[in-house]
Structure formats: C-alpha cells, structure tokens
Amino acid sequence: MRQIRIAITLLIVGGVLTTAAFLMAFYTAEVQSFGEVTLEQAVDTAFPLRGQTPEGGSIYGRPWFSQKIFYFHVPVAEASFLVLLISAYFAIRFLMTKRADYDTKSRIAMETALIFVVLTMITGVLWTRASWACGGSGSRGSRPTSS
C-alpha cells in the first residue's frame, strides 16, 4: 500500500513539473543575445527579426511556435525510446526466467511507452504544421534566389 502512495505522489509531482516546464517553454523562452553580427546581405533565419539596430545589425525576437514545440517533442521522443528499451529488457528477462513479475514490469513499461509514443506523434504533427506554415524553411517571406 505504501508503494502505491509513493507511486501516485511521484506521478502527480511529475505531471505538475512536466506541465509547468511545458508552459514555461511557451511563455518564457527567449533567444539569448551574446553578440552582434553585421552582414551585407539578408540571411534566412529560424527567428523573426524585430528590427535593425542603428549600427545595421539585427535583433532577434522570441522563438516561433515551431521551435518551442520542439522543446517538448524531443524529450518525449527520447523518453519513449528509453521506456521501450526498459520494456525489452524486462521482456527478455521474463523469457529467460519465466518469472511473472518481469512480465508485469514489461507490460507496464509498454503501456507507459504507448503514452510517450502518442505524445511524440501529436507533438510531431504540431511541429510539422507549424514549420510548414512558415514556408517550410522557417522564414516568413520569399526566399532569395541565387544567380
């Protein structure tokens, strides 16, 4: 009974922390400015430009939605791979020992992996739609043609 209470507590804490990190990525993430580069020609960037500085350099704005969703998509995908590896480990252990607890652990890991895989698929679709909505290259406007 004590293990169930600990598991539920950890589940709630993990859910709250994950939700907080997800929301913070969308509302507080900013591009850090470490310096300034001035170029003669325009350059396609993944970030919208806020404007030009008096010296001619560019100031970057907040990241686009397509980049912010990536902050969530990649860790969820990595977690799905990790949980699938754990499930495979317990499945192999079950086949070697025929102990029912390894089979149960493998089944639980597979159910958990299913949740992560579904989240990966959903965030992947959101990321793809957001990326392609901006012209495919992440820039807003027409791409310059090289001569």
# chains A, B, ... in the order shown; residues from 1 in each chain; ligands from 1
$ select_by_dssp --residues "segment 106-138 of chain A" --states "alpha helix (DSSP H)" --output "number ranges by chain"
A: 106-133
$ write_last_selection --atoms "N, CA and C atoms" --output "compact mmCIF listing (two decimals), in the first residue's frame"
# COMPACT_ATOMS: atom_id res chain seq x y z
N SER A 106 7.36 -5.57 -17.75
CA SER A 106 7.44 -5.32 -19.19
C SER A 106 6.11 -4.77 -19.72
N ARG A 107 5.01 -5.31 -19.26
CA ARG A 107 3.69 -4.85 -19.71
C ARG A 107 3.45 -3.40 -19.28
N ILE A 108 3.81 -3.09 -18.03
CA ILE A 108 3.62 -1.72 -17.53
C ILE A 108 4.51 -0.75 -18.31
N ALA A 109 5.74 -1.16 -18.60
CA ALA A 109 6.64 -0.30 -19.38
C ALA A 109 6.09 -0.08 -20.79
N MET A 110 5.51 -1.11 -21.38
CA MET A 110 4.92 -0.96 -22.71
C MET A 110 3.73 -0.01 -22.69
N GLU A 111 2.91 -0.09 -21.67
CA GLU A 111 1.78 0.84 -21.57
C GLU A 111 2.26 2.27 -21.39
N THR A 112 3.32 2.44 -20.61
CA THR A 112 3.90 3.77 -20.43
C THR A 112 4.50 4.27 -21.73
N ALA A 113 5.18 3.38 -22.45
CA ALA A 113 5.78 3.75 -23.73
C ALA A 113 4.70 4.18 -24.73
N LEU A 114 3.55 3.54 -24.67
CA LEU A 114 2.46 3.91 -25.57
C LEU A 114 2.05 5.36 -25.35
N ILE A 115 2.00 5.79 -24.11
CA ILE A 115 1.65 7.18 -23.80
C ILE A 115 2.69 8.13 -24.40
N PHE A 116 3.98 7.81 -24.21
CA PHE A 116 5.03 8.66 -24.74
C PHE A 116 5.04 8.68 -26.27
N VAL A 117 4.78 7.52 -26.89
CA VAL A 117 4.76 7.47 -28.35
C VAL A 117 3.59 8.29 -28.90
N VAL A 118 2.44 8.21 -28.26
CA VAL A 118 1.30 9.02 -28.70
C VAL A 118 1.61 10.50 -28.55
N LEU A 119 2.22 10.91 -27.44
CA LEU A 119 2.62 12.31 -27.26
C LEU A 119 3.64 12.73 -28.31
N THR A 120 4.56 11.83 -28.65
CA THR A 120 5.54 12.13 -29.69
C THR A 120 4.86 12.35 -31.03
N MET A 121 3.89 11.53 -31.35
CA MET A 121 3.17 11.67 -32.61
C MET A 121 2.38 12.99 -32.65
N ILE A 122 1.71 13.32 -31.56
CA ILE A 122 0.92 14.55 -31.52
C ILE A 122 1.81 15.78 -31.63
N THR A 123 2.88 15.83 -30.84
CA THR A 123 3.76 17.00 -30.91
C THR A 123 4.52 17.05 -32.23
N GLY A 124 4.78 15.89 -32.84
CA GLY A 124 5.41 15.88 -34.16
C GLY A 124 4.52 16.49 -35.21
N VAL A 125 3.23 16.19 -35.14
CA VAL A 125 2.29 16.80 -36.08
C VAL A 125 2.21 18.31 -35.85
N LEU A 126 2.15 18.73 -34.60
CA LEU A 126 2.11 20.17 -34.31
C LEU A 126 3.36 20.87 -34.82
N TRP A 127 4.52 20.25 -34.59
CA TRP A 127 5.78 20.84 -35.03
C TRP A 127 5.84 20.93 -36.55
N THR A 128 5.42 19.86 -37.24
CA THR A 128 5.45 19.87 -38.70
C THR A 128 4.51 20.92 -39.27
N ARG A 129 3.31 21.00 -38.73
CA ARG A 129 2.36 22.00 -39.24
C ARG A 129 2.87 23.42 -39.00
N ALA A 130 3.45 23.66 -37.84
CA ALA A 130 3.96 24.99 -37.54
C ALA A 130 5.16 25.33 -38.43
N SER A 131 6.00 24.35 -38.71
CA SER A 131 7.17 24.59 -39.56
C SER A 131 6.77 24.85 -41.00
N TRP A 132 5.86 24.05 -41.52
CA TRP A 132 5.46 24.20 -42.91
C TRP A 132 4.53 25.40 -43.11
N ALA A 133 3.88 25.86 -42.06
CA ALA A 133 3.01 27.04 -42.19
C ALA A 133 3.84 28.29 -42.47
